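Next up, upload.csv (CSV, C-alpha atoms and all ligand atoms):
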```csv
chain,number,residue,atom,x,y,z
A,1,MET,CA,6.0,19.0,-8.2
A,2,LYS,CA,2.5,18.0,-7.3
A,3,PHE,CA,0.5,20.0,-4.7
A,4,PHE,CA,-1.7,18.1,-2.3
A,5,LEU,CA,-3.8,19.6,0.5
A,6,ASP,CA,-3.4,18.1,3.9
A,7,THR,CA,-6.9,18.6,5.4
A,8,GLY,CA,-10.3,17.1,6.2
A,9,SER,CA,-12.1,20.4,5.4
A,10,VAL,CA,-14.2,20.2,2.2
A,11,ASP,CA,-14.4,24.0,2.2
A,12,GLU,CA,-10.6,24.3,2.1
A,13,ILE,CA,-10.4,21.7,-0.7
A,14,ARG,CA,-13.0,23.6,-2.7
A,15,LYS,CA,-11.1,26.9,-2.3
A,16,ALA,CA,-7.8,25.4,-3.3
A,17,ASN,CA,-9.3,23.6,-6.2
A,18,GLU,CA,-10.7,26.8,-7.7
A,19,LEU,CA,-7.2,27.7,-9.0
A,20,GLY,CA,-6.8,24.4,-10.7
A,21,LEU,CA,-3.6,23.6,-8.8
A,22,LEU,CA,-4.8,20.9,-6.6
A,23,ASP,CA,-3.3,17.5,-7.5
A,24,GLY,CA,-4.6,15.5,-4.5
A,25,VAL,CA,-5.6,15.4,-0.9
A,26,THR,CA,-4.2,13.7,2.2
A,27,THR,CA,-6.2,13.2,5.4
A,28,ASN,CA,-5.4,11.6,8.7
A,29,PRO,CA,-7.6,10.6,11.7
A,30,SER,CA,-6.7,13.8,13.6
A,31,LEU,CA,-7.7,16.0,10.6
A,32,LEU,CA,-11.0,14.1,10.0
A,33,ALA,CA,-11.8,14.1,13.7
A,34,LYS,CA,-11.9,17.9,13.6
A,35,GLU,CA,-14.8,17.8,11.1
A,36,LYS,CA,-18.3,17.5,12.4
A,37,LYS,CA,-19.4,14.8,9.9
A,38,PRO,CA,-19.0,11.1,9.6
A,39,TYR,CA,-15.5,10.3,7.9
A,40,ARG,CA,-17.1,8.3,5.1
A,41,GLU,CA,-19.3,11.2,4.1
A,42,ILE,CA,-16.4,13.6,4.1
A,43,LEU,CA,-14.3,11.3,2.0
A,44,LYS,CA,-17.2,10.9,-0.5
A,45,GLU,CA,-17.4,14.7,-0.8
A,46,ILE,CA,-13.7,15.0,-1.3
A,47,VAL,CA,-13.5,12.5,-4.1
A,48,GLY,CA,-16.4,14.3,-5.7
A,49,ILE,CA,-14.2,17.4,-6.0
A,50,VAL,CA,-10.7,16.1,-6.5
A,51,LYS,CA,-9.8,13.7,-9.3
A,52,GLY,CA,-6.2,13.0,-8.1
A,53,PRO,CA,-5.3,10.7,-5.2
A,54,VAL,CA,-7.2,11.1,-1.9
A,55,SER,CA,-5.5,9.4,1.1
A,56,ALA,CA,-7.6,7.9,3.9
A,57,GLU,CA,-5.8,6.4,6.9
A,58,VAL,CA,-6.6,3.2,8.7
A,59,THR,CA,-7.0,3.2,12.4
A,60,ALA,CA,-6.5,-0.5,13.0
A,61,THR,CA,-3.0,-1.5,14.1
A,62,ASP,CA,-3.2,-5.3,13.2
A,63,THR,CA,-2.8,-6.5,9.7
A,64,GLU,CA,-6.3,-8.0,9.3
A,65,GLY,CA,-7.9,-4.8,10.6
A,66,MET,CA,-5.8,-2.6,8.3
A,67,LEU,CA,-6.8,-4.8,5.3
A,68,ARG,CA,-10.5,-4.7,6.3
A,69,GLU,CA,-10.5,-0.9,6.6
A,70,GLY,CA,-8.3,-0.4,3.5
A,71,ARG,CA,-10.6,-2.5,1.3
A,72,ASP,CA,-13.6,-0.7,2.7
A,73,TYR,CA,-12.0,2.8,1.9
A,74,ALA,CA,-11.1,1.6,-1.6
A,75,LYS,CA,-14.8,0.9,-2.3
A,76,ILE,CA,-15.5,4.7,-1.9
A,77,ALA,CA,-13.8,5.6,-5.2
A,78,ASP,CA,-11.0,4.6,-7.6
A,79,ASN,CA,-8.8,7.5,-6.5
A,80,ILE,CA,-8.8,6.6,-2.8
A,81,VAL,CA,-5.3,5.7,-1.5
A,82,VAL,CA,-5.1,3.8,1.7
A,83,LYS,CA,-2.7,5.3,4.3
A,84,ILE,CA,-0.9,2.7,6.4
A,85,PRO,CA,1.5,3.5,9.2
A,86,ILE,CA,5.0,2.0,8.8
A,87,ILE,CA,4.9,-0.5,11.6
A,88,LYS,CA,5.6,-4.3,11.5
A,89,THR,CA,2.0,-5.3,11.1
A,90,GLY,CA,1.6,-2.7,8.3
A,91,VAL,CA,4.2,-4.3,6.0
A,92,ASN,CA,2.0,-7.3,4.9
A,93,ALA,CA,-1.0,-4.9,4.7
A,94,ILE,CA,1.0,-2.7,2.3
A,95,ARG,CA,2.0,-5.7,0.2
A,96,THR,CA,-1.5,-7.3,0.1
A,97,LEU,CA,-3.4,-4.1,-0.7
A,98,THR,CA,-0.9,-3.3,-3.5
A,99,SER,CA,-1.2,-6.8,-5.0
A,100,GLU,CA,-5.0,-6.2,-5.0
A,101,GLY,CA,-4.5,-3.0,-7.1
A,102,ILE,CA,-5.2,-0.7,-4.2
A,103,LYS,CA,-2.7,2.2,-3.9
A,104,VAL,CA,-1.0,2.6,-0.5
A,105,ASN,CA,0.5,5.8,1.1
A,106,VAL,CA,2.9,4.7,3.8
A,107,THR,CA,2.7,7.3,6.6
A,108,LEU,CA,4.5,8.3,9.8
A,109,CYS,CA,7.9,7.8,8.1
A,110,PHE,CA,10.8,9.1,10.1
A,111,SER,CA,13.8,7.1,8.8
A,112,PRO,CA,15.3,6.1,5.5
A,113,THR,CA,15.1,2.4,6.4
A,114,GLN,CA,11.3,2.7,6.9
A,115,ALA,CA,11.1,4.3,3.5
A,116,LEU,CA,13.2,1.5,1.9
A,117,ILE,CA,10.9,-1.1,3.5
A,118,ALA,CA,7.8,0.7,2.3
A,119,ALA,CA,9.2,0.7,-1.3
A,120,LYS,CA,10.1,-2.9,-1.1
A,121,ALA,CA,6.6,-3.8,0.1
A,122,GLY,CA,5.2,-2.0,-3.0
A,123,ALA,CA,3.9,1.3,-1.6
A,124,SER,CA,2.8,3.9,-4.2
A,125,PHE,CA,3.7,6.8,-1.9
A,126,ILE,CA,6.0,7.4,1.1
A,127,SER,CA,5.2,10.2,3.5
A,128,PRO,CA,8.2,11.5,5.4
A,129,PHE,CA,7.0,13.9,8.2
A,130,ILE,CA,9.2,17.0,8.0
A,131,GLY,CA,7.7,19.5,10.4
A,132,ARG,CA,7.7,17.0,13.3
A,133,PHE,CA,11.4,16.6,12.9
A,134,ASP,CA,12.0,20.4,12.8
A,135,ASP,CA,9.8,20.6,16.0
A,136,ILE,CA,12.5,18.6,17.8
A,137,SER,CA,15.4,20.7,16.4
A,138,SER,CA,16.3,18.2,13.7
A,139,GLU,CA,16.6,18.7,9.9
A,140,GLY,CA,13.5,17.1,8.5
A,141,MET,CA,14.4,17.8,4.8
A,142,GLN,CA,17.6,15.8,5.2
A,143,LEU,CA,15.4,12.7,5.4
A,144,VAL,CA,13.6,13.6,2.1
A,145,ALA,CA,17.0,13.9,0.4
A,146,GLU,CA,18.1,10.5,1.7
A,147,ILE,CA,14.9,8.8,0.6
A,148,ILE,CA,15.2,10.3,-2.9
A,149,THR,CA,18.8,9.1,-3.2
A,150,ILE,CA,17.9,5.6,-2.1
A,151,TYR,CA,14.9,5.3,-4.4
A,152,ASP,CA,17.0,6.6,-7.4
A,153,ASN,CA,19.7,4.1,-6.6
A,154,TYR,CA,17.4,1.2,-7.0
A,155,GLY,CA,14.8,2.6,-9.4
A,156,TYR,CA,11.9,2.4,-7.0
A,157,GLU,CA,8.8,4.1,-8.3
A,158,THR,CA,7.3,4.9,-4.9
A,159,GLU,CA,6.5,8.7,-5.0
A,160,VAL,CA,8.0,10.8,-2.3
A,161,LEU,CA,5.2,12.8,-0.6
A,162,VAL,CA,6.6,15.4,1.7
A,163,ALA,CA,4.2,15.7,4.7
A,164,SER,CA,3.9,17.6,8.0
A,165,VAL,CA,4.6,20.8,6.1
A,166,ARG,CA,4.5,24.0,8.2
A,167,HIS,CA,5.5,26.9,6.0
A,168,PRO,CA,6.2,27.9,2.3
A,169,MET,CA,10.0,27.3,2.8
A,170,HIS,CA,9.3,23.6,3.3
A,171,VAL,CA,7.6,23.7,-0.1
A,172,VAL,CA,10.6,25.4,-1.7
A,173,GLN,CA,13.0,23.0,-0.1
A,174,ALA,CA,11.0,20.0,-1.2
A,175,ALA,CA,10.9,21.3,-4.8
A,176,MET,CA,14.7,22.0,-4.7
A,177,ILE,CA,15.4,18.5,-3.6
A,178,GLY,CA,13.1,17.1,-6.3
A,179,ALA,CA,10.3,15.5,-4.1
A,180,ASP,CA,7.4,14.3,-6.2
A,181,ILE,CA,4.6,15.8,-4.0
A,182,CYS,CA,4.2,18.2,-1.2
A,183,THR,CA,1.1,18.0,1.0
A,184,MET,CA,0.3,21.1,2.9
A,185,PRO,CA,-2.3,22.7,5.1
A,186,TYR,CA,-4.5,25.3,3.4
A,187,ALA,CA,-2.8,28.1,5.3
A,188,VAL,CA,0.5,27.2,3.6
A,189,PHE,CA,-1.1,26.7,0.2
A,190,ASP,CA,-2.7,30.2,0.5
A,191,LYS,CA,0.7,31.8,1.0
A,192,LEU,CA,2.5,30.3,-2.0
A,193,LEU,CA,1.4,33.0,-4.4
A,194,ASN,CA,1.7,36.0,-2.2
A,195,HIS,CA,4.5,38.5,-2.3
A,196,PRO,CA,4.3,42.1,-0.9
A,197,LEU,CA,6.5,43.4,-3.7
A,198,THR,CA,4.0,42.1,-6.3
A,199,ASP,CA,1.2,43.9,-4.5
A,200,ILE,CA,3.3,47.2,-4.2
A,201,GLY,CA,4.5,46.9,-7.8
A,202,LEU,CA,0.9,46.4,-9.1
A,203,LYS,CA,-0.4,49.3,-7.0
A,204,ASN,CA,2.3,51.6,-8.4
A,205,PHE,CA,1.8,50.5,-12.0
A,206,LEU,CA,-2.0,51.1,-11.8
A,207,ALA,CA,-1.5,54.5,-10.1
A,208,ASP,CA,1.0,55.6,-12.8
A,209,TRP,CA,-1.4,54.4,-15.5
A,210,GLU,CA,-4.3,56.3,-14.0
A,211,LYS,CA,-2.2,59.5,-13.7
A,212,ALA,CA,-1.2,59.3,-17.3
A,213,GLN,CA,-4.9,58.9,-18.4
A,214,LYS,CA,-5.8,62.2,-16.7
A,215,GLN,CA,-3.0,64.1,-18.4
B,301,LIG,O1,-1.1,14.1,7.3
B,301,LIG,C1,0.1,13.8,7.8
B,301,LIG,C2,0.9,15.0,8.2
B,301,LIG,O2,1.0,15.9,7.1
B,301,LIG,C3,0.6,15.6,9.5
B,301,LIG,O3,1.2,16.9,9.7
B,301,LIG,O4,1.3,19.0,11.0
B,301,LIG,O5,0.3,17.0,12.1
B,301,LIG,O6,2.7,17.1,11.7
B,301,LIG,P1,1.4,17.5,11.2
```

Please lay out the structure from this file as structure tokens.
Amino acid sequence: MKFFLDTGSVDEIRKANELGLLDGVTTNPSLLAKEKKPYREILKEIVGIVKGPVSAEVTATDTEGMLREGRDYAKIADNIVVKIPIIKTGVNAIRTLTSEGIKVNVTLCFSPTQALIAAKAGASFISPFIGRFDDISSEGMQLVAEIITIYDNYGYETEVLVASVRHPMHVVQAAMIGADICTMPYAVFDKLLNHPLTDIGLKNFLADWEKAQKQ
């Protein structure tokens, strides 16, 4: 499974990239708005660090506006992926950008039918939002399982990108179900490697070793 970072913070991207585990980045208007720089500058910095797909989301809600913003984002670098919300006006934008060779990540997906339409329109990625489902006492990961079954049934190549991840168990569940990608905040990424028993075990091994050296 590929690891993407869901952030607009260049510092977080640099830190995660140091381990060589970062396969891509997703941003959204809320994440970029938190940063104190123009969005284009941030995206340029990100593509300078990450070789994999970097998603940039349109803010227009009409097809022409989405196409204009999407084409403009695509000029920043070859690995820019345009993020389009799954609404009626987005469907032709997905199809047109895809036909122009621009990859599209379809976002704000909350149902299997939305995911099916995204794949039919030619999306490269579908982003089901898991945490926001869990927030309203629903089982977000069930949606991921349904999308994977549907895509497998028809051989769609759209990659399932699990988004709105809140904790490491979402990453585990996404991997168990066989999702292609999990995009996560840096705080979640940073927890994936940690285990208190590893730390205790290492501490004890080193203490025993030191004791033996002294004897
Ligand atoms: O980038 C889209 C998604 O991952 C947002 O997550 O935490 O705002 O629900 P969240």

Hey, what's within 8 Å of region 89-95 of chain A if we count only C-alpha atoms and toss same-chain stuff fewer than 5 positions away? As a PyMOL selection string, please? chain A and resi 61-64+66-67+84+104+106+117-118+121-123

Quick one: which chain A residues come within 10 Å of ligand LIG 301 (chain B), and what is the nearest atom pair for each with the distance in Å to one decimal, counting only C-alpha atoms and all ligand atoms, rows ordered by chain and ascending number, as CSV?
```
residue,atom,partner,partner_atom,distance
A:Leu5,CA,B:LIG301,O2,9.0
A:Asp6,CA,B:LIG301,O1,5.7
A:Thr7,CA,B:LIG301,O1,7.6
A:Gly8,CA,B:LIG301,O1,9.7
A:Val25,CA,B:LIG301,O1,9.4
A:Thr26,CA,B:LIG301,O1,6.0
A:Thr27,CA,B:LIG301,O1,5.5
A:Asn28,CA,B:LIG301,O1,5.2
A:Pro29,CA,B:LIG301,O1,8.6
A:Ser30,CA,B:LIG301,O5,7.8
A:Leu31,CA,B:LIG301,O1,7.6
A:Ser55,CA,B:LIG301,O1,8.9
A:Ala56,CA,B:LIG301,O1,9.6
A:Glu57,CA,B:LIG301,O1,9.0
A:Lys83,CA,B:LIG301,O1,9.4
A:Thr107,CA,B:LIG301,C1,7.1
A:Leu108,CA,B:LIG301,C1,7.3
A:Cys109,CA,B:LIG301,C1,9.8
A:Ser127,CA,B:LIG301,C1,7.6
A:Pro128,CA,B:LIG301,C2,8.6
A:Phe129,CA,B:LIG301,C2,6.2
A:Ile130,CA,B:LIG301,O6,7.5
A:Gly131,CA,B:LIG301,O6,5.7
A:Arg132,CA,B:LIG301,O6,5.3
A:Phe133,CA,B:LIG301,O6,8.8
A:Asp134,CA,B:LIG301,O6,9.9
A:Asp135,CA,B:LIG301,O6,9.0
A:Leu161,CA,B:LIG301,O2,9.3
A:Val162,CA,B:LIG301,O2,7.8
A:Ala163,CA,B:LIG301,O2,4.0
A:Ser164,CA,B:LIG301,O3,3.3
A:Val165,CA,B:LIG301,O2,6.2
A:Arg166,CA,B:LIG301,O4,6.6
A:Cys182,CA,B:LIG301,O2,9.2
A:Thr183,CA,B:LIG301,O2,6.5
A:Met184,CA,B:LIG301,O2,6.7
A:Pro185,CA,B:LIG301,O2,7.8
```

For Thr96 (chain A), the closest of A:Gln114, A:Phe205, A:Phe125, A:Arg68 counting all atoms listed in the file is A:Arg68

TODO: Can you work out the spacing between CA of Thr59 (chain A) and CA of Tyr73 (chain A) in Å, to one decimal?
DONE: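 If I compute the distance from CA of Thr59 (chain A) to CA of Tyr73 (chain A), I get 11.6 Å.
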
Write out as a VMD selection string the residues lying within 8 Å of Lys51 (chain A), counting all atoms listed in the file and excluding same-chain residues fewer than 5 positions away. chain A and resid 23 to 24 79

Determine the nearest neighbour of Glu12 (chain A) from the options A:Tyr39, A:Phe189, A:Tyr151, A:Phe110, counting all atoms listed in the file.
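Between A:Tyr39, A:Phe189, A:Tyr151, A:Phe110, the residue approaching Glu12 (chain A) most closely is A:Phe189.
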
* Asked: CA of Phe3 (chain A) and CA of Leu21 (chain A) are how many Å apart?
  ->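 Interatomic distance here is 6.8 Å.
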
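CA of Gln173 (chain A) lies 7.3 Å from CA of Met141 (chain A).
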
Q) Between A:Ala207, A:Val81, A:Ile42, A:Val50, which is the closest to Ser9 (chain A) once you count all atoms listed in the file? A)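 Selected residue with least distance to Ser9 (chain A): A:Ile42.
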
- From the list A:Leu193, A:Ile80, A:Leu32, A:Ile49, which residue is nearest Lys15 (chain A) when using all atoms listed in the file?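 Between A:Leu193, A:Ile80, A:Leu32, A:Ile49, the residue approaching Lys15 (chain A) most closely is A:Ile49.
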
- Message: I'd like the contact shell of Lys103 (chain A) - 7 Å cut-off, all atoms listed in the file, skipping same-chain residues fewer than 4 positions apart - returned as a list in words.
- Response: Val81, Val82, Thr98 and Ser124 of chain A

key: Counting only C-alpha atoms, the option among A:Lys214, A:Lys75, A:Leu116, A:Ile87 closest to Ala60 (chain A)   =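 The answer is A:Ile87, which sits nearest to Ala60 (chain A).
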
Thr149 (chain A) proximity check over A:Glu41, A:Gly52, A:Gly178, A:Leu192, using all atoms listed in the file: winner is A:Gly178
